[in-house]
file run-v9.txt (compact mmCIF, N, CA and C atoms)
# COMPACT_ATOMS: atom_id res chain seq x y z
N MET A 1 -34.24 21.70 -43.89
CA MET A 1 -34.16 21.98 -42.46
C MET A 1 -33.72 20.70 -41.75
N LYS A 2 -32.76 20.86 -40.87
CA LYS A 2 -32.26 19.73 -40.08
C LYS A 2 -33.25 19.40 -38.97
N THR A 3 -33.07 18.21 -38.38
CA THR A 3 -33.88 17.86 -37.22
C THR A 3 -33.40 18.69 -36.02
N LEU A 4 -34.25 18.78 -35.01
CA LEU A 4 -33.87 19.51 -33.80
C LEU A 4 -32.61 18.90 -33.19
N MET A 5 -32.55 17.58 -33.10
CA MET A 5 -31.37 16.93 -32.53
C MET A 5 -30.15 17.17 -33.40
N GLY A 6 -30.33 17.20 -34.71
CA GLY A 6 -29.23 17.50 -35.62
C GLY A 6 -28.65 18.89 -35.38
N ILE A 7 -29.55 19.85 -35.16
CA ILE A 7 -29.11 21.23 -34.91
C ILE A 7 -28.38 21.30 -33.57
N ILE A 8 -28.92 20.67 -32.55
CA ILE A 8 -28.28 20.67 -31.23
C ILE A 8 -26.91 20.01 -31.30
N ASP A 9 -26.83 18.86 -31.96
CA ASP A 9 -25.54 18.17 -32.09
C ASP A 9 -24.52 19.02 -32.83
N GLU A 10 -24.99 19.72 -33.88
CA GLU A 10 -24.10 20.57 -34.66
C GLU A 10 -23.52 21.69 -33.79
N VAL A 11 -24.37 22.31 -32.98
CA VAL A 11 -23.91 23.38 -32.09
C VAL A 11 -22.93 22.83 -31.06
N LYS A 12 -23.25 21.69 -30.47
CA LYS A 12 -22.36 21.08 -29.48
C LYS A 12 -21.00 20.71 -30.08
N ALA A 13 -21.00 20.37 -31.36
CA ALA A 13 -19.75 20.01 -32.03
C ALA A 13 -18.94 21.23 -32.44
N GLY A 14 -19.49 22.41 -32.23
CA GLY A 14 -18.76 23.63 -32.55
C GLY A 14 -19.09 24.22 -33.90
N SER A 15 -20.02 23.62 -34.64
CA SER A 15 -20.43 24.15 -35.93
C SER A 15 -21.51 25.22 -35.73
N THR A 16 -21.82 25.93 -36.79
CA THR A 16 -22.81 26.98 -36.71
C THR A 16 -23.94 26.72 -37.70
N PRO A 17 -25.11 26.29 -37.20
CA PRO A 17 -26.27 26.14 -38.09
C PRO A 17 -26.69 27.50 -38.63
N THR A 18 -27.58 27.50 -39.59
CA THR A 18 -28.06 28.77 -40.14
C THR A 18 -28.89 29.51 -39.09
N HIS A 19 -29.07 30.79 -39.33
CA HIS A 19 -29.88 31.62 -38.44
C HIS A 19 -31.30 31.06 -38.34
N GLU A 20 -31.87 30.68 -39.46
CA GLU A 20 -33.23 30.14 -39.48
C GLU A 20 -33.31 28.84 -38.68
N GLU A 21 -32.31 27.95 -38.83
CA GLU A 21 -32.31 26.70 -38.08
C GLU A 21 -32.24 26.98 -36.57
N LEU A 22 -31.42 27.93 -36.18
CA LEU A 22 -31.31 28.27 -34.76
C LEU A 22 -32.61 28.86 -34.22
N ARG A 23 -33.25 29.70 -35.00
CA ARG A 23 -34.53 30.29 -34.57
C ARG A 23 -35.57 29.21 -34.35
N TYR A 24 -35.71 28.28 -35.31
CA TYR A 24 -36.70 27.22 -35.16
C TYR A 24 -36.33 26.25 -34.03
N ALA A 25 -35.05 25.99 -33.85
CA ALA A 25 -34.61 25.12 -32.76
C ALA A 25 -34.96 25.75 -31.41
N LEU A 26 -34.75 27.05 -31.29
CA LEU A 26 -35.07 27.75 -30.05
C LEU A 26 -36.57 27.68 -29.76
N LEU A 27 -37.37 27.90 -30.79
CA LEU A 27 -38.83 27.83 -30.61
C LEU A 27 -39.28 26.41 -30.27
N ALA A 28 -38.66 25.41 -30.89
CA ALA A 28 -39.00 24.02 -30.59
C ALA A 28 -38.64 23.67 -29.15
N CYS A 29 -37.48 24.12 -28.70
CA CYS A 29 -37.07 23.86 -27.31
C CYS A 29 -38.00 24.57 -26.33
N ASN A 30 -38.45 25.76 -26.68
CA ASN A 30 -39.41 26.46 -25.83
C ASN A 30 -40.72 25.68 -25.72
N ALA A 31 -41.18 25.13 -26.83
CA ALA A 31 -42.40 24.32 -26.79
C ALA A 31 -42.20 23.07 -25.94
N LEU A 32 -41.04 22.42 -26.07
CA LEU A 32 -40.75 21.25 -25.24
C LEU A 32 -40.74 21.61 -23.76
N LEU A 33 -40.17 22.76 -23.42
CA LEU A 33 -40.16 23.22 -22.04
C LEU A 33 -41.59 23.43 -21.53
N THR A 34 -42.43 24.00 -22.36
CA THR A 34 -43.83 24.22 -21.98
C THR A 34 -44.54 22.89 -21.73
N PHE A 35 -44.36 21.92 -22.63
CA PHE A 35 -44.99 20.61 -22.46
C PHE A 35 -44.49 19.93 -21.19
N ALA A 36 -43.20 20.00 -20.93
CA ALA A 36 -42.63 19.38 -19.73
C ALA A 36 -43.18 20.04 -18.47
N ARG A 37 -43.28 21.38 -18.48
CA ARG A 37 -43.82 22.10 -17.33
C ARG A 37 -45.26 21.67 -17.06
N LEU A 38 -46.06 21.55 -18.11
CA LEU A 38 -47.45 21.13 -17.94
C LEU A 38 -47.54 19.70 -17.39
N ASP A 39 -46.67 18.81 -17.88
CA ASP A 39 -46.65 17.43 -17.38
C ASP A 39 -46.27 17.38 -15.91
N VAL A 40 -45.22 18.11 -15.53
CA VAL A 40 -44.80 18.14 -14.12
C VAL A 40 -45.92 18.73 -13.27
N MET A 41 -46.53 19.79 -13.74
CA MET A 41 -47.61 20.41 -12.99
C MET A 41 -48.75 19.41 -12.79
N HIS A 42 -49.12 18.71 -13.84
CA HIS A 42 -50.21 17.73 -13.75
C HIS A 42 -49.87 16.62 -12.76
N LEU A 43 -48.63 16.13 -12.80
CA LEU A 43 -48.21 15.06 -11.89
C LEU A 43 -48.16 15.52 -10.44
N CYS A 44 -47.96 16.81 -10.23
CA CYS A 44 -47.81 17.34 -8.87
C CYS A 44 -49.12 17.80 -8.24
N ILE A 45 -50.21 17.74 -8.96
CA ILE A 45 -51.50 18.13 -8.40
C ILE A 45 -51.90 17.08 -7.36
N PRO A 46 -52.17 17.52 -6.13
CA PRO A 46 -52.60 16.55 -5.11
C PRO A 46 -53.91 15.87 -5.50
N ARG A 47 -53.98 14.59 -5.22
CA ARG A 47 -55.17 13.79 -5.49
C ARG A 47 -55.88 13.47 -4.17
N GLU A 48 -57.12 13.11 -4.26
CA GLU A 48 -57.95 12.87 -3.08
C GLU A 48 -57.35 11.81 -2.14
N ASN A 49 -56.77 10.76 -2.69
CA ASN A 49 -56.26 9.68 -1.86
C ASN A 49 -54.77 9.81 -1.53
N ASP A 50 -54.14 10.93 -1.84
CA ASP A 50 -52.73 11.14 -1.51
C ASP A 50 -52.55 11.27 0.00
N THR A 51 -51.49 10.68 0.49
CA THR A 51 -51.14 10.85 1.90
C THR A 51 -50.50 12.23 2.07
N PRO A 52 -50.46 12.73 3.29
CA PRO A 52 -49.77 14.02 3.51
C PRO A 52 -48.32 13.98 3.03
N LYS A 53 -47.65 12.84 3.18
CA LYS A 53 -46.27 12.71 2.71
C LYS A 53 -46.20 12.84 1.19
N MET A 54 -47.15 12.24 0.48
CA MET A 54 -47.18 12.34 -0.98
C MET A 54 -47.42 13.78 -1.42
N VAL A 55 -48.33 14.46 -0.73
CA VAL A 55 -48.62 15.86 -1.07
C VAL A 55 -47.37 16.71 -0.84
N ALA A 56 -46.69 16.50 0.27
CA ALA A 56 -45.47 17.26 0.56
C ALA A 56 -44.40 16.99 -0.50
N GLN A 57 -44.28 15.74 -0.91
CA GLN A 57 -43.29 15.39 -1.93
C GLN A 57 -43.65 16.05 -3.27
N LYS A 58 -44.91 16.01 -3.64
CA LYS A 58 -45.35 16.66 -4.89
C LYS A 58 -45.07 18.16 -4.84
N ASN A 59 -45.33 18.78 -3.69
CA ASN A 59 -45.07 20.21 -3.54
C ASN A 59 -43.58 20.51 -3.68
N ARG A 60 -42.72 19.67 -3.10
CA ARG A 60 -41.28 19.87 -3.22
C ARG A 60 -40.82 19.73 -4.67
N VAL A 61 -41.35 18.72 -5.37
CA VAL A 61 -40.98 18.53 -6.78
C VAL A 61 -41.39 19.75 -7.60
N TRP A 62 -42.61 20.24 -7.41
CA TRP A 62 -43.08 21.40 -8.17
C TRP A 62 -42.27 22.64 -7.83
N ASP A 63 -42.03 22.87 -6.53
CA ASP A 63 -41.25 24.04 -6.12
C ASP A 63 -39.83 24.00 -6.68
N THR A 64 -39.21 22.82 -6.67
CA THR A 64 -37.86 22.68 -7.20
C THR A 64 -37.85 22.93 -8.70
N HIS A 65 -38.81 22.35 -9.40
CA HIS A 65 -38.91 22.56 -10.85
C HIS A 65 -39.06 24.04 -11.17
N CYS A 66 -39.95 24.72 -10.46
CA CYS A 66 -40.18 26.14 -10.71
C CYS A 66 -38.94 26.98 -10.41
N ALA A 67 -38.24 26.66 -9.33
CA ALA A 67 -37.04 27.42 -8.96
C ALA A 67 -35.95 27.26 -10.01
N ILE A 68 -35.74 26.04 -10.48
CA ILE A 68 -34.71 25.80 -11.50
C ILE A 68 -35.07 26.52 -12.80
N GLU A 69 -36.32 26.39 -13.21
CA GLU A 69 -36.76 27.03 -14.45
C GLU A 69 -36.66 28.55 -14.34
N LYS A 70 -37.10 29.11 -13.22
CA LYS A 70 -37.05 30.56 -13.03
C LYS A 70 -35.61 31.06 -13.07
N ALA A 71 -34.71 30.36 -12.39
CA ALA A 71 -33.30 30.76 -12.38
C ALA A 71 -32.70 30.70 -13.78
N ALA A 72 -33.00 29.64 -14.51
CA ALA A 72 -32.45 29.49 -15.86
C ALA A 72 -32.98 30.57 -16.80
N LEU A 73 -34.27 30.84 -16.74
CA LEU A 73 -34.87 31.82 -17.64
C LEU A 73 -34.45 33.25 -17.32
N ALA A 74 -34.06 33.52 -16.07
CA ALA A 74 -33.64 34.86 -15.68
C ALA A 74 -32.14 35.09 -15.84
N ALA A 75 -31.39 34.02 -16.07
CA ALA A 75 -29.94 34.12 -16.13
C ALA A 75 -29.44 34.47 -17.52
N ASP A 76 -28.22 34.99 -17.57
CA ASP A 76 -27.51 35.14 -18.83
C ASP A 76 -27.35 33.74 -19.41
N ALA A 77 -27.82 33.51 -20.61
CA ALA A 77 -27.85 32.17 -21.19
C ALA A 77 -26.46 31.55 -21.28
N LYS A 78 -25.48 32.32 -21.68
CA LYS A 78 -24.12 31.79 -21.83
C LYS A 78 -23.54 31.37 -20.48
N VAL A 79 -23.72 32.22 -19.48
CA VAL A 79 -23.20 31.92 -18.15
C VAL A 79 -23.93 30.71 -17.56
N TRP A 80 -25.26 30.67 -17.68
CA TRP A 80 -26.03 29.54 -17.13
C TRP A 80 -25.62 28.23 -17.79
N TYR A 81 -25.50 28.23 -19.10
CA TYR A 81 -25.14 26.99 -19.80
C TYR A 81 -23.75 26.52 -19.41
N LYS A 82 -22.81 27.43 -19.37
CA LYS A 82 -21.44 27.04 -19.01
C LYS A 82 -21.40 26.50 -17.59
N LYS A 83 -22.17 27.08 -16.71
CA LYS A 83 -22.18 26.64 -15.31
C LYS A 83 -22.90 25.29 -15.16
N ASN A 84 -23.93 25.04 -15.95
CA ASN A 84 -24.80 23.89 -15.72
C ASN A 84 -24.77 22.80 -16.78
N GLY A 85 -24.19 23.05 -17.92
CA GLY A 85 -24.32 22.03 -18.95
C GLY A 85 -23.15 21.89 -19.90
N ASP A 86 -22.11 22.68 -19.74
CA ASP A 86 -21.02 22.67 -20.70
C ASP A 86 -19.72 22.33 -19.99
N PRO A 87 -19.38 21.04 -19.90
CA PRO A 87 -18.22 20.63 -19.10
C PRO A 87 -16.88 21.06 -19.65
N PHE A 88 -16.81 21.47 -20.92
CA PHE A 88 -15.52 21.83 -21.50
C PHE A 88 -15.30 23.32 -21.61
N SER A 89 -16.17 24.11 -20.99
CA SER A 89 -16.01 25.56 -21.02
C SER A 89 -15.75 26.12 -19.63
N VAL A 90 -15.17 27.30 -19.60
CA VAL A 90 -14.92 28.00 -18.35
C VAL A 90 -15.74 29.27 -18.37
N VAL A 91 -16.43 29.54 -17.26
CA VAL A 91 -17.23 30.77 -17.17
C VAL A 91 -16.28 31.96 -17.17
N GLU A 92 -16.55 32.92 -18.04
CA GLU A 92 -15.69 34.10 -18.15
C GLU A 92 -16.09 35.15 -17.13
call {"tool": "encode", "arguments": {"input": "run-v9.txt", "output": "structure tokens"}}
result
Amino acid sequence: MKTLMGIIDEVKAGSTPTHEELRYALLACNALLTFARLDVMHLCIPRENDTPKMVAQKNRVWDTHCAIEKAALAADAKVWYKKNGDPFSVVE
């Protein structure tokens, strides 16, 4: 089994990893997304000594994170990727 980065690099280079490699890569990326979401959520929790400006900023960061994640998870994966992360492709 290749590393996660190896699988991602292979796909970006236009090669096709095995079905099993792609399945595990997808699950690994999902776990990374979960860990990142929990970290952002933890950082955005208002603390007792936060100023109102800090609380507002934390709320904006959390709201923005949630909106981006919600849009990405609800979108057609091919269209979302081409629009947001694939500079050499054209959305069909």
call {"tool": "closest_residue", "arguments": {"input": "run-v9.txt", "among": "A:Arg37, A:Lys12, A:Lys82, A:Lys2", "to": "Thr64 (chain A)", "atoms": "only C-alpha atoms"}}
result
A:Arg37
call {"tool": "closest_residue", "arguments": {"input": "run-v9.txt", "among": "A:Cys44, A:Ala71, A:Leu38, A:Val11", "to": "Lys58 (chain A)", "atoms": "only N, CA and C atoms"}}
result
A:Cys44
call {"tool": "atom_distance", "arguments": {"input": "run-v9.txt", "atom1": "atom N of Glu20 (chain A)", "atom2": "atom N of Asn84 (chain A)"}}
result
25.4 Å
call {"tool": "atom_distance", "arguments": {"input": "run-v9.txt", "atom1": "atom N of Ala74 (chain A)", "atom2": "atom C of Lys53 (chain A)"}}
result
29.5 Å
call {"tool": "select_by_dssp", "arguments": {"input": "run-v9.txt", "residues": "region 3-89 of chain A", "states": "alpha helix (DSSP H)", "output": "PyMOL selection string"}}
result
chain A and resi 4-12+19-44+52-74+77-84
call {"tool": "closest_residue", "arguments": {"input": "run-v9.txt", "among": "A:Ile8, A:Gly14, A:Pro46, A:Pro52", "to": "Ala28 (chain A)", "atoms": "only C-alpha atoms"}}
result
A:Ile8
call {"tool": "atom_distance", "arguments": {"input": "run-v9.txt", "atom1": "atom C of Tyr24 (chain A)", "atom2": "atom N of Leu4 (chain A)"}}
result
7.8 Å
call {"tool": "closest_residue", "arguments": {"input": "run-v9.txt", "among": "A:Leu33, A:Val40, A:Val79, A:Leu73", "to": "Val61 (chain A)", "atoms": "all atoms listed in the file"}}
result
A:Val40
call {"tool": "axis_aligned_box", "arguments": {"input": "run-v9.txt", "around": "region 2-7 of chain A", "padding_each_side": "6 Å", "output": "AutoDock Vina command-line options"}}
result
--center_x -31.3 --center_y 19.1 --center_z -36.7 --size_x 17.9 --size_y 16.4 --size_z 20.3
call {"tool": "closest_residue", "arguments": {"input": "run-v9.txt", "among": "A:Asp76, A:Ala31, A:His19, A:Ala25", "to": "Ile7 (chain A)", "atoms": "only N, CA and C atoms"}}
result
A:Ala25
